[in-house]
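Visitor: For reference, the file final22.cif (mmCIF, C-alpha atoms) is included below:
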```
data_upload
#
loop_
_atom_site.label_atom_id
_atom_site.label_comp_id
_atom_site.auth_asym_id
_atom_site.auth_seq_id
_atom_site.Cartn_x
_atom_site.Cartn_y
_atom_site.Cartn_z
CA MET A 1 185.33 -88.88 -14.55
CA ALA A 2 188.69 -87.19 -14.95
CA ARG A 3 191.84 -89.23 -14.66
CA LEU A 4 194.20 -87.82 -12.05
CA MET A 5 197.89 -88.72 -12.00
CA PHE A 6 200.41 -88.18 -9.23
CA PHE A 7 204.17 -88.27 -9.70
CA GLY A 8 207.13 -88.53 -7.35
CA LYS A 9 206.32 -87.87 -3.71
CA LEU A 10 202.72 -86.99 -4.63
CA GLY A 11 202.19 -90.63 -5.68
CA ASP A 12 203.27 -91.73 -2.20
CA ILE A 13 200.99 -89.21 -0.49
CA ALA A 14 198.03 -90.11 -2.74
CA GLN A 15 198.86 -93.80 -2.23
CA ALA A 16 198.16 -94.23 -5.94
CA ARG A 17 199.79 -93.26 -9.20
CA SER A 18 196.44 -92.51 -10.75
CA ARG A 19 192.80 -92.40 -9.83
CA GLU A 20 189.47 -91.66 -11.45
CA PHE A 21 187.86 -88.59 -9.95
CA PRO A 22 184.43 -87.05 -10.66
CA LEU A 23 185.06 -83.33 -11.16
CA GLY A 24 181.48 -82.34 -10.23
CA ASN A 25 181.41 -78.56 -10.12
CA ALA A 26 185.19 -78.23 -10.23
CA GLU A 27 185.90 -76.47 -13.52
CA THR A 28 189.42 -75.27 -12.80
CA VAL A 29 192.59 -76.79 -11.35
CA SER A 30 192.26 -74.74 -8.17
CA ALA A 31 188.66 -75.93 -7.66
CA LEU A 32 189.85 -79.51 -8.22
CA LYS A 33 192.57 -79.08 -5.60
CA ALA A 34 189.94 -77.81 -3.15
CA ALA A 35 187.71 -80.82 -3.91
CA ILE A 36 190.63 -83.22 -3.37
CA ALA A 37 191.50 -81.47 -0.10
CA GLY A 38 187.92 -82.10 1.05
CA SER A 39 188.34 -85.86 0.82
CA ASP A 40 192.10 -86.21 1.44
CA GLU A 41 193.60 -83.60 3.72
CA ALA A 42 197.25 -84.71 3.36
CA LEU A 43 197.06 -84.80 -0.44
CA GLY A 44 195.24 -81.48 -0.49
CA ALA A 45 198.00 -79.89 1.58
CA ALA A 46 200.69 -81.35 -0.70
CA LEU A 47 198.94 -80.09 -3.85
CA ALA A 48 198.61 -76.60 -2.34
CA ASP A 49 202.40 -76.24 -2.33
CA PRO A 50 203.34 -73.56 -4.90
CA SER A 51 206.10 -75.79 -6.28
CA VAL A 52 203.51 -78.32 -7.53
CA ARG A 53 202.68 -77.88 -11.22
CA CYS A 54 199.80 -79.27 -13.22
CA ILE A 55 199.86 -80.98 -16.62
CA VAL A 56 196.50 -81.30 -18.41
CA ASN A 57 196.38 -83.72 -21.35
CA GLU A 58 200.20 -83.76 -21.41
CA VAL A 59 200.53 -79.96 -21.61
CA LEU A 60 201.96 -77.93 -18.75
CA THR A 61 199.31 -75.46 -17.58
CA GLN A 62 199.83 -71.80 -16.82
CA GLY A 63 197.72 -70.08 -14.18
CA ASP A 64 194.44 -71.67 -13.18
CA ALA A 65 193.54 -73.84 -16.17
CA ALA A 66 190.02 -74.92 -17.10
CA ILE A 67 189.39 -78.67 -16.85
CA SER A 68 186.62 -81.10 -17.79
CA ASP A 69 185.67 -84.68 -16.98
CA LYS A 70 187.40 -86.03 -20.09
CA ASP A 71 190.81 -84.69 -19.09
CA GLU A 72 193.92 -86.39 -17.83
CA ILE A 73 195.22 -84.16 -15.05
CA ALA A 74 198.69 -84.78 -13.68
CA PHE A 75 200.22 -83.16 -10.64
CA ILE A 76 204.01 -82.94 -10.50
CA PRO A 77 206.36 -81.92 -7.69
CA PRO A 78 209.73 -80.30 -8.53
CA VAL A 79 211.56 -82.42 -11.10
CA SER A 80 215.03 -83.84 -10.60
CA GLY A 81 216.92 -85.93 -13.14
CA GLY A 82 220.56 -86.73 -13.81
CA MET B 83 218.66 -88.68 -29.97
CA VAL B 84 216.90 -89.25 -26.67
CA ARG B 85 216.37 -92.60 -24.99
CA VAL B 86 214.64 -93.26 -21.68
CA LEU B 87 215.44 -96.81 -20.60
CA GLU B 88 213.75 -99.14 -18.12
CA THR B 89 216.72 -101.51 -18.13
CA PRO B 90 220.49 -101.12 -17.50
CA PHE B 91 222.73 -99.89 -20.31
CA ASP B 92 226.43 -100.38 -21.02
CA LEU B 93 228.21 -97.02 -20.72
CA ASN B 94 231.30 -98.00 -22.69
CA ALA B 95 229.33 -99.64 -25.47
CA GLU B 96 227.08 -96.58 -25.82
CA ILE B 97 230.05 -94.18 -25.90
CA ALA B 98 231.78 -96.34 -28.52
CA ALA B 99 228.59 -96.44 -30.61
CA PHE B 100 228.28 -92.65 -30.39
CA ASN B 101 231.89 -92.16 -31.50
CA ASP B 102 231.32 -94.48 -34.45
CA ARG B 103 228.17 -92.63 -35.44
CA ALA B 104 229.69 -89.16 -34.97
CA GLY B 105 232.57 -89.99 -37.29
CA ALA B 106 235.52 -87.70 -36.56
CA PRO B 107 233.81 -84.36 -35.87
CA GLY B 108 236.81 -82.83 -34.09
CA ALA B 109 235.52 -82.90 -30.55
CA VAL B 110 233.39 -85.34 -28.56
CA VAL B 111 232.43 -84.68 -24.94
CA THR B 112 230.72 -87.36 -22.89
CA PHE B 113 229.32 -87.11 -19.37
CA SER B 114 228.19 -90.15 -17.47
CA GLY B 115 226.46 -90.19 -14.10
CA VAL B 116 226.31 -93.27 -11.90
CA VAL B 117 224.33 -93.96 -8.71
CA ARG B 118 226.37 -92.98 -5.65
CA GLY B 119 226.73 -95.74 -3.09
CA GLN B 120 226.80 -93.30 -0.21
CA ALA B 121 224.60 -90.40 0.95
CA GLY B 122 226.43 -88.69 3.81
CA GLU B 123 226.79 -91.30 6.54
CA ASN B 124 224.32 -93.69 4.97
CA ALA B 125 224.71 -96.41 2.38
CA VAL B 126 222.38 -96.01 -0.58
CA THR B 127 220.61 -99.26 -1.36
CA ALA B 128 218.72 -98.08 -4.46
CA LEU B 129 217.63 -95.09 -6.48
CA GLU B 130 214.10 -95.10 -7.88
CA LEU B 131 213.42 -92.94 -10.94
CA ASP B 132 209.82 -92.01 -11.65
CA HIS B 133 208.84 -90.53 -15.02
CA PHE B 134 205.80 -89.53 -17.08
CA PRO B 135 205.96 -91.74 -20.19
CA GLY B 136 205.81 -89.63 -23.34
CA VAL B 137 205.93 -86.31 -21.51
CA THR B 138 209.37 -87.06 -20.04
CA GLU B 139 210.81 -87.97 -23.46
CA ARG B 140 209.33 -84.78 -24.91
CA SER B 141 210.82 -82.66 -22.13
CA ILE B 142 214.29 -84.02 -22.93
CA THR B 143 213.81 -83.64 -26.68
CA GLU B 144 213.02 -79.95 -26.08
CA ILE B 145 216.20 -79.57 -24.02
CA GLU B 146 218.19 -81.23 -26.82
CA ALA B 147 216.62 -78.89 -29.39
CA GLU B 148 217.57 -75.89 -27.27
CA ALA B 149 221.18 -77.08 -27.08
CA ARG B 150 221.27 -77.55 -30.86
CA ALA B 151 219.88 -74.03 -31.33
CA ARG B 152 222.53 -72.51 -29.05
CA TRP B 153 225.67 -74.34 -30.15
CA PRO B 154 226.87 -75.61 -33.53
CA VAL B 155 226.94 -79.27 -32.52
CA SER B 156 226.80 -82.08 -35.06
CA ASP B 157 225.30 -84.79 -32.85
CA ILE B 158 223.79 -85.31 -29.40
CA GLU B 159 222.86 -88.48 -27.56
CA ILE B 160 221.03 -88.47 -24.23
CA ILE B 161 220.33 -91.71 -22.38
CA HIS B 162 218.50 -91.61 -19.05
CA ARG B 163 217.45 -94.52 -16.88
CA VAL B 164 214.14 -94.91 -15.09
CA GLY B 165 212.96 -97.56 -12.68
CA ARG B 166 214.97 -98.98 -9.80
CA LEU B 167 218.78 -98.67 -9.93
CA GLY B 168 221.44 -100.08 -7.66
CA PRO B 169 224.65 -98.35 -6.53
CA GLU B 170 227.20 -97.83 -9.31
CA GLU B 171 224.63 -98.38 -12.06
CA PRO B 172 224.76 -95.78 -14.85
CA ILE B 173 221.83 -93.37 -14.61
CA VAL B 174 222.60 -90.83 -17.33
CA LEU B 175 224.83 -90.46 -20.37
CA VAL B 176 225.21 -87.28 -22.42
CA CYS B 177 227.34 -87.30 -25.58
CA VAL B 178 227.98 -84.22 -27.71
CA ALA B 179 229.90 -84.05 -30.97
CA ALA B 180 231.07 -80.75 -32.44
CA ALA B 181 233.85 -79.31 -34.57
CA HIS B 182 235.58 -77.70 -31.59
CA ARG B 183 235.87 -78.43 -27.88
CA ARG B 184 234.27 -75.25 -26.48
CA GLU B 185 230.81 -75.83 -27.95
CA ALA B 186 230.96 -79.53 -27.09
CA PHE B 187 231.84 -78.80 -23.45
CA GLU B 188 229.28 -76.03 -23.11
CA ALA B 189 226.45 -77.97 -24.74
CA ALA B 190 227.15 -81.00 -22.50
CA ASP B 191 227.28 -78.77 -19.41
CA PHE B 192 224.00 -77.10 -20.40
CA LEU B 193 222.31 -80.45 -21.10
CA MET B 194 223.24 -81.80 -17.66
CA ASP B 195 222.13 -78.62 -15.85
CA TYR B 196 218.77 -78.77 -17.61
CA LEU B 197 218.39 -82.55 -17.12
CA LYS B 198 218.89 -81.92 -13.39
CA THR B 199 216.27 -79.19 -13.11
CA LYS B 200 213.89 -79.28 -16.08
CA ALA B 201 213.57 -82.85 -17.40
CA MET B 202 210.53 -84.68 -16.01
CA PHE B 203 212.05 -87.14 -13.57
CA TRP B 204 211.49 -87.71 -9.88
CA LYS B 205 214.15 -89.43 -7.81
CA LYS B 206 213.72 -91.40 -4.61
CA GLU B 207 216.78 -92.42 -2.64
CA HIS B 208 216.49 -95.63 -0.64
CA ARG B 209 218.94 -95.86 2.26
CA ALA B 210 219.41 -98.11 5.26
CA ASP B 211 217.68 -95.40 7.38
CA GLY B 212 214.69 -94.90 5.09
CA ALA B 213 213.75 -93.37 1.75
CA THR B 214 213.39 -89.75 0.64
CA TRP B 215 212.44 -87.97 -2.58
CA ILE B 216 215.34 -85.87 -3.83
CA GLU B 217 214.67 -82.38 -5.15
CA PRO B 218 217.23 -80.20 -6.93
CA ARG B 219 219.55 -78.33 -4.57
CA ALA B 220 219.87 -74.55 -4.66
CA GLU B 221 223.19 -75.02 -6.52
CA ASP B 222 221.43 -77.04 -9.21
CA TYR B 223 218.96 -74.21 -9.87
CA LYS B 224 221.82 -71.71 -9.79
CA ASP B 225 223.77 -73.80 -12.32
CA ALA B 226 220.76 -73.96 -14.64
CA ALA B 227 220.16 -70.20 -14.28
CA ARG B 228 223.64 -69.48 -15.68
CA TRP B 229 222.35 -70.36 -19.16
CA GLU B 230 219.44 -67.94 -18.89
CA GLU B 231 221.75 -65.04 -17.94
CA SER B 232 224.21 -65.69 -20.73
CA GLY B 233 221.53 -66.70 -23.28
#
```
Translate this structure into structure tokens?

Guide:
Amino acid sequence: MARLMFFGKLGDIAQARSREFPLGNAETVSALKAAIAGSDEALGAALADPSVRCIVNEVLTQGDAAISDKDEIAFIPPVSGG
Amino acid sequence: MVRVLETPFDLNAEIAAFNDRAGAPGAVVTFSGVVRGQAGENAVTALELDHFPGVTERSITEIEAEARARWPVSDIEIIHRVGRLGPEEPIVLVCVAAAHRREAFEAADFLMDYLKTKAMFWKKEHRADGATWIEPRAEDYKDAARWEESG
């Protein structure tokens, strides 16, 4: 099981800050997004937004990163501090 | 130094502590941001700051390192709140010490532009008419881009 994390508005849409998720055949972030969209249409649509970035094991990913069931995978909407 | 705090902090005490620590470098610039009580027509009841523990601190430390690489500053302090804040509560404090005013002003300006658009925070504004997540405005991205052009 991978650990998924959702920040900001994505946490509201997912109705959870984190959840355990079996990756199954999903070996990349884009495949994971498709799998999530299959079970949660609203969250899938939110994750498809190009402004959403993905952090795997605390490192910001570039492109379509490879993932495995041991990973912590965080989805982040545009950041805003200050 | 970077601190992400779950609980309120005393602006004046922190500024005084920074000045003591900085000695007499020549120039000290401080910027403090507080929660606005008003958003357009609506009263703001609270601001909720979400963060990614560890990753957020690292993102700010990288921004601080970039400021130190660009300007000859002798000390930097960045304090940022997370959690739920009420109107008029301090949310951010940036202090920069340098030998001369120009680098202190510029480094503080840069730090705030990058905190607004690159540090890992997410901000939800609670108002009488509901709550919305706040994303940087076009001006905020434009402000941050100034440093890329001139860098």

Visitor: Tell me, counting all atoms listed in the file, for each residue of chain A within 8 Å of chain B, which pair of atoms is nearest and how far apart they are in Å to one decimal, in rows ordered by chain and increasing number, as a Markdown table.

Guide:
```
| residue | atom | partner | partner_atom | distance |
| --- | --- | --- | --- | --- |
| A:Phe7 | CA | B:Asp132 | CA | 7.1 |
| A:Gly8 | CA | B:Trp204 | CA | 5.1 |
| A:Lys9 | CA | B:Trp215 | CA | 6.2 |
| A:Glu58 | CA | B:Val137 | CA | 6.3 |
| A:Pro78 | CA | B:Glu217 | CA | 6.3 |
| A:Val79 | CA | B:Phe203 | CA | 5.3 |
| A:Ser80 | CA | B:Lys198 | CA | 5.1 |
| A:Gly81 | CA | B:Lys198 | CA | 4.5 |
| A:Gly82 | CA | B:Lys198 | CA | 5.1 |
```

Visitor: Name every residue that the PyMOL selection byres ((chain A and resi 71) around 9) selects in this structure, writing the answer as a CSV table (one decimal) with C-alpha atoms, in the coordinates of the input with chains first and numbers rising.

Guide:
```csv
chain,number,residue,atom,x,y,z
A,1,MET,CA,185.3,-88.9,-14.6
A,2,ALA,CA,188.7,-87.2,-15.0
A,3,ARG,CA,191.8,-89.2,-14.7
A,4,LEU,CA,194.2,-87.8,-12.0
A,56,VAL,CA,196.5,-81.3,-18.4
A,57,ASN,CA,196.4,-83.7,-21.4
A,67,ILE,CA,189.4,-78.7,-16.8
A,68,SER,CA,186.6,-81.1,-17.8
A,69,ASP,CA,185.7,-84.7,-17.0
A,70,LYS,CA,187.4,-86.0,-20.1
A,72,GLU,CA,193.9,-86.4,-17.8
A,73,ILE,CA,195.2,-84.2,-15.0
```

Visitor: Show me, as number ranges by chain, the residues that have an atom within 10 Å of region 96-98 of chain B when counting all atoms listed in the file, minus same-chain residues fewer than 2 positions from it.

Guide: B: 91-94, 100-104, 110-114, 159, 161, 175-177

Visitor: Output the residue selection produced by the PyMOL selection byres ((chain B and resi 188) around 10) on the file above, formatted as a PyMOL selection string.

Guide: chain B and resi 111+149+152-153+178+183-187+189-194+229

Visitor: Fewer than 5 positions away in the same chain doesn't count, so skip those; otherwise give me all residues within 12 Å of Pro50 (chain A), counting all atoms listed in the file, as a count of residues only.

Guide: 7

Visitor: Using the chain letters and numbers from this file, what does the PyMOL selection byres ((chain A and resi 14) around 10) select? Give the answer as a list in words.

Guide: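 Evaluating the PyMOL selection byres ((chain A and resi 14) around 10) on these coordinates yields Met5, Phe6, Phe7, Lys9, Leu10, Gly11, Asp12, Ile13, Gln15, Ala16, Arg17, Ser18, Arg19, Asp40, Ala42, Leu43, Gly44 and Ala46 of chain A.
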
Visitor: Please list as a list in words every residue within 10 Å of His208 (chain B), counting only C-alpha atoms and excluding residues in the same chain fewer than 4 positions away.

Guide: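 Here the qualifying residues turn out to be Ala121, Asn124, Ala125, Val126, Thr127, Ala128, Leu129, Glu130, Arg166, Gly168, Gly212, Ala213, Thr214 and Trp215 of chain B.
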
Visitor: If I take CA of Arg85 (chain B) and CA of Ile160 (chain B), how far is one from the other in Å, to one decimal?

Guide: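 Interatomic distance here is 6.3 Å.
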
Visitor: Report, in Å to a single decimal, how far apart CA of Asp157 (chain B) and CA of Glu139 (chain B) are.

Guide: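 CA of Asp157 (chain B) lies 17.6 Å from CA of Glu139 (chain B).
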
Visitor: So the first atom is CA of Ser39 (chain A) and the second is CA of Phe21 (chain A); what is the distance between them in Å, to one decimal place?

Guide: 11.1 Å
